[in-house]
>>> print(open('start.tsv').read())   # TSV, C-alpha atoms
chain	number	residue	atom	x	y	z
G	1	MET	CA	63.91	165.67	77.93
G	2	THR	CA	65.91	163.52	75.55
G	3	ALA	CA	64.84	160.13	74.21
G	4	ASN	CA	67.45	158.52	76.48
G	5	ASP	CA	66.00	160.27	79.53
G	6	ASN	CA	62.57	159.02	78.58
G	7	ASP	CA	63.82	155.43	78.18
G	8	GLN	CA	65.49	155.60	81.58
G	9	LEU	CA	62.32	157.01	83.11
G	10	LYS	CA	60.18	154.20	81.71
G	11	SER	CA	62.69	151.63	82.85
G	12	ASP	CA	62.61	153.04	86.41
G	13	ILE	CA	58.82	152.97	86.42
G	14	ARG	CA	58.75	149.38	85.13
G	15	ASP	CA	61.18	148.33	87.89
G	16	TYR	CA	58.99	149.98	90.49
G	17	PHE	CA	55.90	148.20	89.17
G	18	LYS	CA	57.71	144.87	89.26
G	19	SER	CA	58.92	145.44	92.81
G	20	ASN	CA	55.25	145.63	93.81
G	21	MET	CA	53.72	143.02	91.53
G	22	GLY	CA	56.43	140.37	91.70
G	23	LYS	CA	59.37	139.81	89.37
G	24	ASP	CA	57.36	137.65	86.99
G	25	ALA	CA	54.61	140.21	86.41
G	26	ARG	CA	53.93	140.76	82.72
G	27	PHE	CA	52.58	144.04	81.43
G	28	ALA	CA	53.11	146.29	78.44
G	29	ASP	CA	53.92	149.99	78.73
G	30	GLY	CA	50.40	150.88	77.60
G	31	ASP	CA	48.53	148.45	79.93
G	32	ASP	CA	46.14	149.93	82.47
G	33	ILE	CA	47.49	148.45	85.70
G	34	PHE	CA	44.41	149.38	87.74
G	35	ALA	CA	41.81	148.09	85.28
G	36	ASP	CA	43.73	144.83	84.80
G	37	GLY	CA	43.80	144.20	88.53
G	38	LEU	CA	47.60	143.96	88.52
G	39	VAL	CA	47.76	146.12	91.65
G	40	ASN	CA	45.28	147.02	94.34
G	41	SER	CA	44.12	150.58	94.80
G	42	LEU	CA	46.43	151.21	97.77
G	43	PHE	CA	49.35	150.91	95.38
G	44	ALA	CA	48.27	154.20	93.77
G	45	LEU	CA	49.15	156.07	96.92
G	46	GLN	CA	52.61	154.52	97.17
G	47	LEU	CA	53.07	155.27	93.50
G	48	VAL	CA	52.35	159.00	93.90
G	49	THR	CA	54.79	159.23	96.81
G	50	PHE	CA	57.40	157.24	94.86
G	51	LEU	CA	57.12	159.60	91.87
G	52	GLU	CA	57.46	162.68	94.06
G	53	ASP	CA	60.51	161.30	95.87
G	54	SER	CA	62.30	159.69	92.93
G	55	PHE	CA	61.73	162.25	90.19
G	56	LYS	CA	61.69	165.40	92.34
G	57	ILE	CA	58.28	166.49	91.16
G	58	THR	CA	55.30	167.72	93.16
G	59	VAL	CA	51.97	166.08	92.45
G	60	GLU	CA	49.52	168.98	92.84
G	61	ASN	CA	45.87	168.57	93.74
G	62	ASP	CA	44.92	169.23	90.11
G	63	ASP	CA	47.18	166.36	89.02
G	64	LEU	CA	45.22	163.83	91.08
G	65	ASP	CA	43.62	162.18	88.10
G	66	LEU	CA	43.96	158.44	87.62
G	67	GLN	CA	44.59	159.02	83.89
G	68	ASN	CA	48.05	160.31	84.85
G	69	PHE	CA	48.97	157.09	86.65
G	70	ARG	CA	47.31	154.27	84.72
G	71	SER	CA	50.27	152.88	82.80
G	72	VAL	CA	54.02	153.14	82.29
G	73	ASP	CA	53.39	155.40	79.26
G	74	ALA	CA	50.94	157.65	81.10
G	75	ILE	CA	53.29	158.09	84.07
G	76	ALA	CA	56.28	158.83	81.82
G	77	ASP	CA	54.23	161.50	79.97
G	78	PHE	CA	53.08	162.99	83.24
G	79	VAL	CA	56.57	163.12	84.80
G	80	GLY	CA	57.92	164.58	81.53
G	81	ARG	CA	55.27	167.34	81.56
G	82	LYS	CA	55.94	168.16	85.21
G	83	ARG	CA	59.69	168.41	84.57
G	84	ASN	CA	59.21	170.61	81.51
G	85	ASN	CA	56.86	172.91	83.42
G	86	SER	CA	59.26	173.34	86.31
G	87	ALA	CA	62.16	173.94	83.88
G	88	ALA	CA	60.19	176.57	81.92
V	1	MET	CA	30.90	166.98	132.95
V	2	SER	CA	30.21	170.74	132.99
V	3	GLU	CA	26.81	172.26	132.23
V	4	ALA	CA	28.21	173.86	129.12
V	5	GLN	CA	29.30	170.46	127.86
V	6	GLU	CA	25.89	168.97	128.66
V	7	GLU	CA	24.24	171.72	126.67
V	8	GLY	CA	26.65	171.08	123.87
V	9	VAL	CA	25.73	167.40	123.82
V	10	ALA	CA	21.99	168.09	123.93
V	11	GLY	CA	22.42	170.69	121.18
V	12	ALA	CA	24.24	168.20	119.00
V	13	ALA	CA	21.50	165.62	119.55
V	14	ASP	CA	18.75	168.13	118.63
V	15	GLN	CA	20.66	169.07	115.54
V	16	ALA	CA	21.03	165.41	114.67
V	17	SER	CA	17.29	164.72	114.90
V	18	ALA	CA	16.50	167.88	112.91
V	19	ASP	CA	18.90	166.69	110.22
V	20	ALA	CA	17.27	163.27	110.17
V	21	GLU	CA	13.82	164.84	109.62
V	22	THR	CA	15.02	166.85	106.66
V	23	LYS	CA	16.96	163.82	105.37
V	24	ALA	CA	20.20	165.72	105.43
V	25	PRO	CA	22.65	163.61	103.49
V	26	ASP	CA	25.67	164.15	105.69
V	27	LEU	CA	27.03	164.36	109.22
V	28	SER	CA	27.25	168.17	109.57
V	29	GLY	CA	26.77	169.24	113.18
V	30	ILE	CA	27.66	165.85	114.63
V	31	ARG	CA	30.75	165.46	116.76
V	32	ILE	CA	32.36	162.04	116.49
V	33	GLY	CA	35.22	160.75	118.63
V	34	VAL	CA	37.71	158.23	117.31
V	35	VAL	CA	40.12	156.59	119.76
V	36	GLY	CA	43.35	155.16	118.34
V	37	ALA	CA	45.11	156.87	115.42
V	38	GLY	CA	46.42	153.74	113.71
V	39	LEU	CA	45.52	152.61	110.20
V	40	MET	CA	41.84	151.98	110.97
V	41	GLY	CA	41.36	155.03	113.19
V	42	ARG	CA	42.67	157.33	110.46
V	43	GLY	CA	40.46	155.75	107.82
V	44	VAL	CA	37.34	155.97	109.99
V	45	SER	CA	38.11	159.61	110.92
V	46	PHE	CA	38.59	160.55	107.30
V	47	ARG	CA	35.35	158.91	106.19
V	48	PHE	CA	33.24	160.72	108.79
V	49	ALA	CA	34.99	164.07	108.22
V	50	LYS	CA	34.52	163.76	104.46
V	51	PHE	CA	30.78	163.55	105.06
V	52	GLY	CA	30.75	166.66	107.25
V	53	ALA	CA	31.28	165.45	110.82
V	54	THR	CA	33.57	167.25	113.24
V	55	VAL	CA	35.95	164.50	114.32
V	56	THR	CA	38.20	164.30	117.36
V	57	LEU	CA	40.94	161.72	116.75
V	58	ILE	CA	42.61	160.69	119.99
V	59	ASP	CA	45.83	158.77	120.58
V	60	ARG	CA	47.98	158.62	123.69
V	61	ASP	CA	51.07	158.81	121.52
V	62	ASP	CA	52.11	162.18	120.02
V	63	ALA	CA	54.20	160.46	117.35
V	64	ALA	CA	51.17	158.48	116.18
V	65	LEU	CA	49.19	161.72	115.87
V	66	GLN	CA	51.93	163.34	113.80
V	67	GLU	CA	52.00	160.33	111.52
V	68	ALA	CA	48.21	160.45	111.31
V	69	HIS	CA	48.36	164.08	110.21
V	70	LYS	CA	50.46	163.12	107.18
V	71	ALA	CA	48.48	159.96	106.52
V	72	LEU	CA	45.15	161.83	106.46
V	73	ARG	CA	46.41	164.04	103.64
V	74	ASN	CA	47.42	160.95	101.70
V	75	ILE	CA	44.04	159.30	102.23
V	76	ALA	CA	42.40	162.48	100.90
V	77	ARG	CA	44.60	162.41	97.79
V	78	HIS	CA	43.82	158.75	97.25
V	79	ASP	CA	40.11	159.48	97.53
V	80	VAL	CA	40.43	162.18	94.88
V	81	LEU	CA	42.27	159.74	92.59
V	82	PHE	CA	39.73	156.95	92.82
V	83	ASN	CA	36.46	158.64	93.70
V	84	GLN	CA	36.95	162.03	92.01
V	85	ALA	CA	35.95	163.52	95.35
V	86	ARG	CA	37.72	166.87	95.34
V	87	GLU	CA	35.89	167.96	98.51
V	88	SER	CA	37.90	165.24	100.27
V	89	LEU	CA	40.93	167.50	100.28
V	90	ARG	CA	39.22	169.64	102.93
V	91	ALA	CA	38.17	166.72	105.16
V	92	PRO	CA	41.41	166.64	107.21
V	93	GLU	CA	40.65	170.20	108.39
V	94	ARG	CA	37.62	168.84	110.25
V	95	ILE	CA	39.71	166.29	112.15
V	96	HIS	CA	41.17	167.51	115.44
V	97	LEU	CA	44.11	165.51	116.73
V	98	THR	CA	44.62	165.30	120.48
V	99	THR	CA	45.99	163.17	123.31
V	100	GLU	CA	43.15	164.22	125.65
V	101	LEU	CA	40.77	161.31	126.19
V	102	GLU	CA	38.50	163.76	128.06
V	103	SER	CA	37.47	165.28	124.70
V	104	LEU	CA	35.16	162.28	124.29
V	105	ALA	CA	32.74	163.93	126.73
V	106	GLU	CA	31.49	166.14	123.89
V	107	CYS	CA	30.96	163.34	121.36
V	108	ALA	CA	27.60	161.89	120.34
V	109	PHE	CA	29.20	158.86	118.71
V	110	VAL	CA	32.56	157.25	119.47
V	111	VAL	CA	34.50	154.63	117.53
V	112	GLU	CA	37.21	152.85	119.48
V	113	ASN	CA	40.01	151.49	117.27
V	114	ILE	CA	43.01	150.83	119.47
V	115	THR	CA	45.23	147.81	118.93
V	116	GLU	CA	43.55	144.36	119.01
V	117	ASN	CA	44.85	143.51	122.45
V	118	ILE	CA	42.32	142.59	125.11
V	119	GLU	CA	44.36	143.93	128.04
V	120	ALA	CA	44.88	147.31	126.35
V	121	LYS	CA	41.19	147.52	125.49
V	122	LEU	CA	40.09	146.62	129.03
V	123	ALA	CA	42.31	149.36	130.50
V	124	LEU	CA	41.00	151.94	128.02
V	125	TYR	CA	37.33	151.12	128.72
V	126	ARG	CA	37.88	151.62	132.45
V	127	ARG	CA	39.32	155.07	131.67
V	128	MET	CA	36.49	155.95	129.27
V	129	LYS	CA	33.67	154.99	131.65
V	130	PRO	CA	33.56	158.28	133.64
V	131	ILE	CA	34.18	160.43	130.53
V	132	LEU	CA	31.50	159.35	128.03
V	133	ASN	CA	28.24	161.32	128.20
V	134	GLU	CA	25.09	159.33	128.81
V	135	GLU	CA	23.69	159.92	125.30
V	136	CYS	CA	26.82	158.64	123.58
V	137	VAL	CA	26.72	155.48	121.48
V	138	LEU	CA	30.07	153.67	121.36
V	139	ALA	CA	31.20	151.39	118.56
V	140	VAL	CA	34.07	148.97	119.11
V	141	ASN	CA	36.01	148.55	115.87
V	142	THR	CA	37.34	145.03	116.15
V	143	SER	CA	37.67	141.92	114.07
V	144	ALA	CA	37.39	139.36	116.87
V	145	ILE	CA	37.17	140.75	120.43
V	146	SER	CA	33.91	140.24	122.36
V	147	ILE	CA	31.67	143.33	122.25
V	148	THR	CA	29.68	142.07	125.23
V	149	ARG	CA	32.79	141.77	127.40
V	150	LEU	CA	33.93	145.35	126.66
V	151	ALA	CA	30.39	146.76	126.98
V	152	ALA	CA	30.19	145.39	130.53
V	153	LEU	CA	32.92	147.85	131.55
V	154	LEU	CA	30.89	150.95	130.58
V	155	ALA	CA	28.01	152.61	132.40
V	156	ASP	CA	25.38	151.62	129.82
V	157	PRO	CA	26.10	148.40	127.87
V	158	ALA	CA	22.89	149.00	125.89
V	159	ARG	CA	24.67	151.83	124.04
V	160	VAL	CA	27.66	149.73	122.97
V	161	LEU	CA	27.94	147.79	119.71
V	162	GLY	CA	30.65	146.62	117.33
V	163	ILE	CA	31.54	147.81	113.86
V	164	HIS	CA	34.09	145.82	111.90
V	165	PHE	CA	35.20	148.38	109.30
V	166	MET	CA	37.13	147.10	106.29
V	167	ASN	CA	40.38	148.62	105.10
V	168	PRO	CA	40.70	151.04	103.30
V	169	VAL	CA	37.67	152.58	104.98
V	170	HIS	CA	37.19	155.31	102.37
V	171	MET	CA	36.87	152.67	99.62
V	172	LYS	CA	34.74	150.08	101.44
V	173	HIS	CA	31.08	150.93	101.68
V	174	THR	CA	29.81	148.04	103.79
V	175	ALA	CA	30.77	147.10	107.34
V	176	GLU	CA	29.91	144.22	109.67
V	177	MET	CA	27.92	145.58	112.63
V	178	ILE	CA	27.74	143.54	115.83
V	179	ARG	CA	24.87	143.42	118.28
V	180	GLY	CA	26.26	142.81	121.79
V	181	PHE	CA	24.25	140.92	124.40
V	182	HIS	CA	22.74	144.14	125.82
V	183	THR	CA	22.79	146.33	122.69
V	184	THR	CA	19.37	147.91	122.02
V	185	GLU	CA	17.74	148.31	118.61
V	186	ALA	CA	17.80	152.08	119.16
V	187	SER	CA	21.59	152.01	119.48
V	188	LEU	CA	21.92	149.90	116.32
V	189	GLU	CA	19.59	152.21	114.41
V	190	TYR	CA	21.53	155.28	115.54
V	191	ALA	CA	24.85	153.74	114.44
V	192	GLN	CA	23.32	152.68	111.13
V	193	SER	CA	22.05	156.23	110.55
V	194	ILE	CA	25.55	157.58	111.19
V	195	LEU	CA	27.00	155.12	108.67
V	196	ALA	CA	24.24	155.87	106.15
V	197	ARG	CA	25.09	159.57	106.27
V	198	ALA	CA	28.68	158.59	105.51
V	199	GLY	CA	27.55	156.62	102.46
V	200	MET	CA	27.83	153.24	104.17
V	201	GLU	CA	25.65	150.25	104.93
V	202	ALA	CA	25.93	147.75	107.74
V	203	VAL	CA	25.19	144.05	107.93
V	204	VAL	CA	24.08	143.38	111.52
V	205	VAL	CA	25.19	140.11	113.13
V	206	ASN	CA	25.28	138.76	116.68
V	207	ASP	CA	28.24	138.73	119.02
V	208	LEU	CA	30.25	135.53	119.03
V	209	PRO	CA	34.05	135.50	118.52
V	210	GLY	CA	35.10	136.27	114.95
V	211	PHE	CA	31.48	137.26	114.08
V	212	VAL	CA	30.89	136.04	110.51
V	213	SER	CA	33.81	137.56	108.63
V	214	ASN	CA	36.80	136.28	110.53
V	215	ARG	CA	35.22	133.08	111.80
V	216	VAL	CA	34.91	131.94	108.18
V	217	LEU	CA	37.90	133.71	106.63
V	218	MET	CA	40.47	132.52	109.18
V	219	LEU	CA	39.41	128.89	108.72
V	220	THR	CA	39.66	129.29	104.97
V	221	VAL	CA	43.15	130.80	105.08
V	222	ASN	CA	44.27	128.18	107.61
V	223	GLU	CA	42.96	125.27	105.53
V	224	ALA	CA	44.61	126.72	102.42
V	225	ILE	CA	47.89	126.70	104.37
V	226	PHE	CA	47.26	123.04	105.32
V	227	THR	CA	46.92	122.13	101.63
V	228	VAL	CA	50.34	123.69	100.94
V	229	GLN	CA	51.83	121.99	104.01
V	230	ASP	CA	50.43	118.61	102.95
V	231	GLY	CA	51.83	118.96	99.43
V	232	VAL	CA	48.42	119.07	97.75
V	233	ALA	CA	49.29	122.18	95.72
V	234	THR	CA	51.71	125.09	95.46
V	235	PRO	CA	50.65	128.48	96.86
V	236	GLU	CA	50.32	129.78	93.28
V	237	ASP	CA	47.92	126.99	92.33
V	238	VAL	CA	45.84	127.22	95.51
V	239	ASP	CA	45.19	130.92	94.89
V	240	ARG	CA	44.65	130.40	91.17
V	241	ILE	CA	41.76	128.04	91.90
V	242	PHE	CA	40.04	130.70	94.02
V	243	ARG	CA	40.67	133.46	91.48
V	244	GLU	CA	40.02	131.67	88.22
V	245	CYS	CA	37.47	129.01	89.23
V	246	PHE	CA	35.53	130.88	91.91
V	247	GLY	CA	36.05	134.41	90.62
V	248	HIS	CA	37.44	135.72	93.92
V	249	PRO	CA	39.54	138.85	93.33
V	250	MET	CA	42.30	137.45	95.56
V	251	GLY	CA	43.18	133.92	96.76
V	252	PRO	CA	43.28	132.93	100.45
V	253	LEU	CA	47.08	132.82	100.68
V	254	ALA	CA	47.54	136.27	99.12
V	255	THR	CA	44.82	137.45	101.52
V	256	GLY	CA	46.79	135.98	104.44
V	257	ASP	CA	49.93	137.74	103.20
V	258	LEU	CA	48.01	141.02	102.96
V	259	ILE	CA	46.53	140.78	106.47
V	260	GLY	CA	49.84	139.56	107.91
V	261	LEU	CA	50.50	135.93	108.82
V	262	ASP	CA	51.22	136.90	112.44
V	263	THR	CA	47.75	138.43	112.65
V	264	ILE	CA	46.22	135.30	111.11
V	265	LEU	CA	48.01	133.15	113.69
V	266	TYR	CA	46.98	135.43	116.57
V	267	THR	CA	43.34	135.48	115.46
V	268	LEU	CA	43.23	131.68	115.09
V	269	ASP	CA	44.64	131.35	118.61
V	270	VAL	CA	41.92	133.70	119.91
V	271	LEU	CA	39.20	131.71	118.12
V	272	LEU	CA	40.63	128.38	119.32
V	273	GLU	CA	40.58	129.60	122.91
V	274	ALA	CA	37.10	131.11	122.59
V	275	TYR	CA	35.36	128.07	121.05
V	276	ASN	CA	37.67	125.35	122.36
V	277	ASP	CA	37.07	123.69	119.00
V	278	PRO	CA	40.11	122.04	117.34
V	279	LYS	CA	38.97	123.17	113.90
V	280	PHE	CA	40.65	126.51	114.69
V	281	ARG	CA	44.10	124.97	115.41
V	282	PRO	CA	46.70	126.88	113.40
V	283	ALA	CA	48.53	124.92	110.71
V	284	PRO	CA	52.07	124.04	111.92
V	285	LEU	CA	53.38	125.57	108.67
V	286	LEU	CA	51.74	128.89	109.60
V	287	ARG	CA	53.43	128.92	113.00
V	288	LYS	CA	56.78	128.00	111.42
V	289	MET	CA	56.54	130.83	108.88
V	290	VAL	CA	55.71	133.37	111.59
V	291	ASP	CA	58.64	132.09	113.69
V	292	ALA	CA	60.87	132.51	110.61
V	293	GLY	CA	59.76	136.12	110.10
V	294	ARG	CA	57.87	135.38	106.87
V	295	LEU	CA	54.91	137.56	107.76
V	296	GLY	CA	53.60	138.41	104.30
V	297	ARG	CA	53.61	141.76	102.53
V	298	LYS	CA	54.85	143.73	105.51
V	299	SER	CA	58.05	141.67	105.77
V	300	GLY	CA	58.52	141.40	101.99
V	301	GLU	CA	57.73	137.69	101.82
V	302	GLY	CA	55.06	135.27	102.98
V	303	PHE	CA	53.55	132.69	100.66
V	304	PHE	CA	54.53	135.07	97.87
V	305	LYS	CA	57.41	137.54	97.39
V	306	TYR	CA	56.76	141.30	97.39
>>> encode(input="start.tsv", output="structure tokens")
Amino acid sequence: MTANDNDQLKSDIRDYFKSNMGKDARFADGDDIFADGLVNSLFALQLVTFLEDSFKITVENDDLDLQNFRSVDAIADFVGRKRNNSAA
Amino acid sequence: MSEAQEEGVAGAADQASADAETKAPDLSGIRIGVVGAGLMGRGVSFRFAKFGATVTLIDRDDAALQEAHKALRNIARHDVLFNQARESLRAPERIHLTTELESLAECAFVVENITENIEAKLALYRRMKPILNEECVLAVNTSAISITRLAALLADPARVLGIHFMNPVHMKHTAEMIRGFHTTEASLEYAQSILARAGMEAVVVNDLPGFVSNRVLMLTVNEAIFTVQDGVATPEDVDRIFRECFGHPMGPLATGDLIGLDTILYTLDVLLEAYNDPKFRPAPLLRKMVDAGRLGRKSGEGFFKY
């Protein structure tokens, strides 16, 4: 994955967060959205489905760890790893 | 009911008491029926199945059952994410989906979760009356409908009570339990033991419309809407006061948006009719927003945009 791909990925994830938190939501790429109470826990489920549909990845049972979904950075890393694994 | 089914019921009851003596932590060996495969029915089914029960989830609509099948998998994944409960992934296997209401004959405990519509509930209770076995304890999952009125339609009103589960059921460990006019202590204790084995506690209250939860919450949401209507504060500021001054995790207007403003309006109308007390009159602004299709989260906009 190139640096441009990664930037686009993070931008898509930020847009998705904003569509759920409101346009004026403020958060940094490293912020823990669950700990900060920016979203409720039900959002996590929508998020997993969104990632599977939008980035053509499969979230396996072993991937169901909140650490993978806590922040824009964590999600971008996770999606990057999944894409690399499926490409390998 | 056939003899075989009667034996099955008695066997389940014996197993249940044996489990209680050995303080078994879960619901293994207990057959639980859940009627209505909507949001709440799925959550309740998952919770009981996660703790070992064999669950029969019944809906008259095949499409609802198919949707429930997918939704149950998602609830299990969510439970793994937040509760690190990997065993949850197997819970959906213990939930049997069917359109046959007759399956309730084999259940020791039944939770009824169909839509909050009194006519639909009355019709269902008339159909359930000849099916339920005489040992069965039935819990009405409702946020406002009279337990006593529904219990009167079944053979033994002493075995009927209410449980107001909170959504999402797998994340909420306390429920409001309602003692109907005829509900016995034995029935309440049995239902509490079922909840305890599913890691839950109940707060028992008496049966009057809205119980405690909605009788207080609906007034609070409605009065918050009046303050916006009367120009006292913006929706943002009303909710900020509850969050930042009172430490509530969510303000009353965001709560209204989450529940759905149409549901808030409907529940206020039910309470107004039940108590005939004008304090439950819905704010004109609430009615106007519902008429305009601003229903909250589900329509994309209510007091806030989503």
>>> closest_residue(input="start.tsv", among="V:Ala224, V:Ile264, V:Val80, V:Ile32", to="Ala139 of chain V", atoms="all atoms listed in the file")
V:Ile32
>>> closest_atom_pairs(input="start.tsv", of="chain V", to="chain G", cutoff="9 Å", atoms="only C-alpha atoms", output="tab-separated table")
residue	atom	partner	partner_atom	distance
V:Asn74	CA	G:Leu45	CA	7.0
V:Ile75	CA	G:Leu45	CA	8.0
V:Arg77	CA	G:Leu64	CA	6.9
V:His78	CA	G:Leu45	CA	6.0
V:Val80	CA	G:Leu64	CA	6.3
V:Leu81	CA	G:Leu64	CA	5.3
V:Phe82	CA	G:Leu66	CA	6.9
V:Gln84	CA	G:Asp65	CA	7.7
V:Arg86	CA	G:Asn61	CA	8.5
V:Leu89	CA	G:Asn61	CA	8.3
V:Pro168	CA	G:Leu42	CA	8.0
V:Met171	CA	G:Ser41	CA	9.0
V:Pro249	CA	G:Gly37	CA	8.4
V:Phe304	CA	G:Gly22	CA	8.4
V:Lys305	CA	G:Gly22	CA	6.4
V:Tyr306	CA	G:Gly22	CA	5.8
>>> residues_around(input="start.tsv", residues="Ile241 of chain V", least_positions_apart="5", cutoff="10 Å", atoms="all atoms listed in the file", output="ChimeraX atom specification")
/V:236,246-248,251-252
>>> atom_distance(input="start.tsv", atom1="atom CA of Ile131 of chain V", atom2="atom CA of Ile58 of chain V")
13.5 Å
>>> axis_aligned_box(input="start.tsv", around="segment 48-59 of chain G", padding_each_side="3 Å", output="JSON")
{"center_x": 57.1, "center_y": 162.5, "center_z": 93.5, "size_x": 16.3, "size_y": 16.5, "size_z": 12.6}
>>> residues_around(input="start.tsv", residues="segment 172-187 of chain V", least_positions_apart="5", cutoff="10 Å", atoms="only C-alpha atoms", output="PyMOL selection string")
chain V and resi 136-143+146-152+156-167+192-193+195-196+198-208+211-213
>>> build_atoms(input="start.tsv", residues="segment 70-87 of chain G", atoms="N, CA and C atoms", output="PDB file, in the frame of the given file")
ATOM      1  N   ARG G  70      47.864 155.575  85.096  1.00  0.00           N
ATOM      2  CA  ARG G  70      47.310 154.270  84.720  1.00  0.00           C
ATOM      3  C   ARG G  70      48.310 153.280  84.155  1.00  0.00           C
ATOM      4  N   SER G  71      49.352 153.784  83.503  1.00  0.00           N
ATOM      5  CA  SER G  71      50.270 152.880  82.800  1.00  0.00           C
ATOM      6  C   SER G  71      51.680 153.471  82.808  1.00  0.00           C
ATOM      7  N   VAL G  72      52.640 152.665  82.395  1.00  0.00           N
ATOM      8  CA  VAL G  72      54.020 153.140  82.290  1.00  0.00           C
ATOM      9  C   VAL G  72      54.071 154.359  81.371  1.00  0.00           C
ATOM     10  N   ASP G  73      53.393 154.274  80.213  1.00  0.00           N
ATOM     11  CA  ASP G  73      53.390 155.400  79.260  1.00  0.00           C
ATOM     12  C   ASP G  73      52.776 156.651  79.871  1.00  0.00           C
ATOM     13  N   ALA G  74      51.632 156.483  80.543  1.00  0.00           N
ATOM     14  CA  ALA G  74      50.940 157.650  81.100  1.00  0.00           C
ATOM     15  C   ALA G  74      51.796 158.327  82.160  1.00  0.00           C
ATOM     16  N   ILE G  75      52.462 157.524  82.997  1.00  0.00           N
ATOM     17  CA  ILE G  75      53.290 158.090  84.070  1.00  0.00           C
ATOM     18  C   ILE G  75      54.499 158.811  83.475  1.00  0.00           C
ATOM     19  N   ALA G  76      55.105 158.192  82.444  1.00  0.00           N
ATOM     20  CA  ALA G  76      56.280 158.830  81.820  1.00  0.00           C
ATOM     21  C   ALA G  76      55.887 160.174  81.193  1.00  0.00           C
ATOM     22  N   ASP G  77      54.721 160.228  80.535  1.00  0.00           N
ATOM     23  CA  ASP G  77      54.230 161.500  79.970  1.00  0.00           C
ATOM     24  C   ASP G  77      54.036 162.526  81.075  1.00  0.00           C
ATOM     25  N   PHE G  78      53.390 162.075  82.136  1.00  0.00           N
ATOM     26  CA  PHE G  78      53.080 162.990  83.240  1.00  0.00           C
ATOM     27  C   PHE G  78      54.359 163.555  83.861  1.00  0.00           C
ATOM     28  N   VAL G  79      55.314 162.663  84.181  1.00  0.00           N
ATOM     29  CA  VAL G  79      56.570 163.120  84.800  1.00  0.00           C
ATOM     30  C   VAL G  79      57.297 164.062  83.833  1.00  0.00           C
ATOM     31  N   GLY G  80      57.286 163.720  82.536  1.00  0.00           N
ATOM     32  CA  GLY G  80      57.920 164.580  81.530  1.00  0.00           C
ATOM     33  C   GLY G  80      57.303 165.978  81.529  1.00  0.00           C
ATOM     34  N   ARG G  81      55.970 166.038  81.556  1.00  0.00           N
ATOM     35  CA  ARG G  81      55.270 167.340  81.560  1.00  0.00           C
ATOM     36  C   ARG G  81      55.624 168.140  82.804  1.00  0.00           C
ATOM     37  N   LYS G  82      55.643 167.454  83.957  1.00  0.00           N
ATOM     38  CA  LYS G  82      55.940 168.160  85.210  1.00  0.00           C
ATOM     39  C   LYS G  82      57.359 168.736  85.170  1.00  0.00           C
ATOM     40  N   ARG G  83      58.292 167.948  84.622  1.00  0.00           N
ATOM     41  CA  ARG G  83      59.690 168.410  84.570  1.00  0.00           C
ATOM     42  C   ARG G  83      59.822 169.599  83.620  1.00  0.00           C
ATOM     43  N   ASN G  84      59.139 169.510  82.481  1.00  0.00           N
ATOM     44  CA  ASN G  84      59.210 170.610  81.510  1.00  0.00           C
ATOM     45  C   ASN G  84      58.617 171.884  82.099  1.00  0.00           C
ATOM     46  N   ASN G  85      57.504 171.732  82.818  1.00  0.00           N
ATOM     47  CA  ASN G  85      56.860 172.910  83.420  1.00  0.00           C
ATOM     48  C   ASN G  85      57.759 173.575  84.431  1.00  0.00           C
ATOM     49  N   SER G  86      58.425 172.740  85.258  1.00  0.00           N
ATOM     50  CA  SER G  86      59.260 173.340  86.310  1.00  0.00           C
ATOM     51  C   SER G  86      60.529 173.940  85.695  1.00  0.00           C
ATOM     52  N   ALA G  87      60.961 173.402  84.531  1.00  0.00           N
ATOM     53  CA  ALA G  87      62.160 173.940  83.880  1.00  0.00           C
ATOM     54  C   ALA G  87      61.830 175.250  83.158  1.00  0.00           C
TER      55      ALA G  87
END
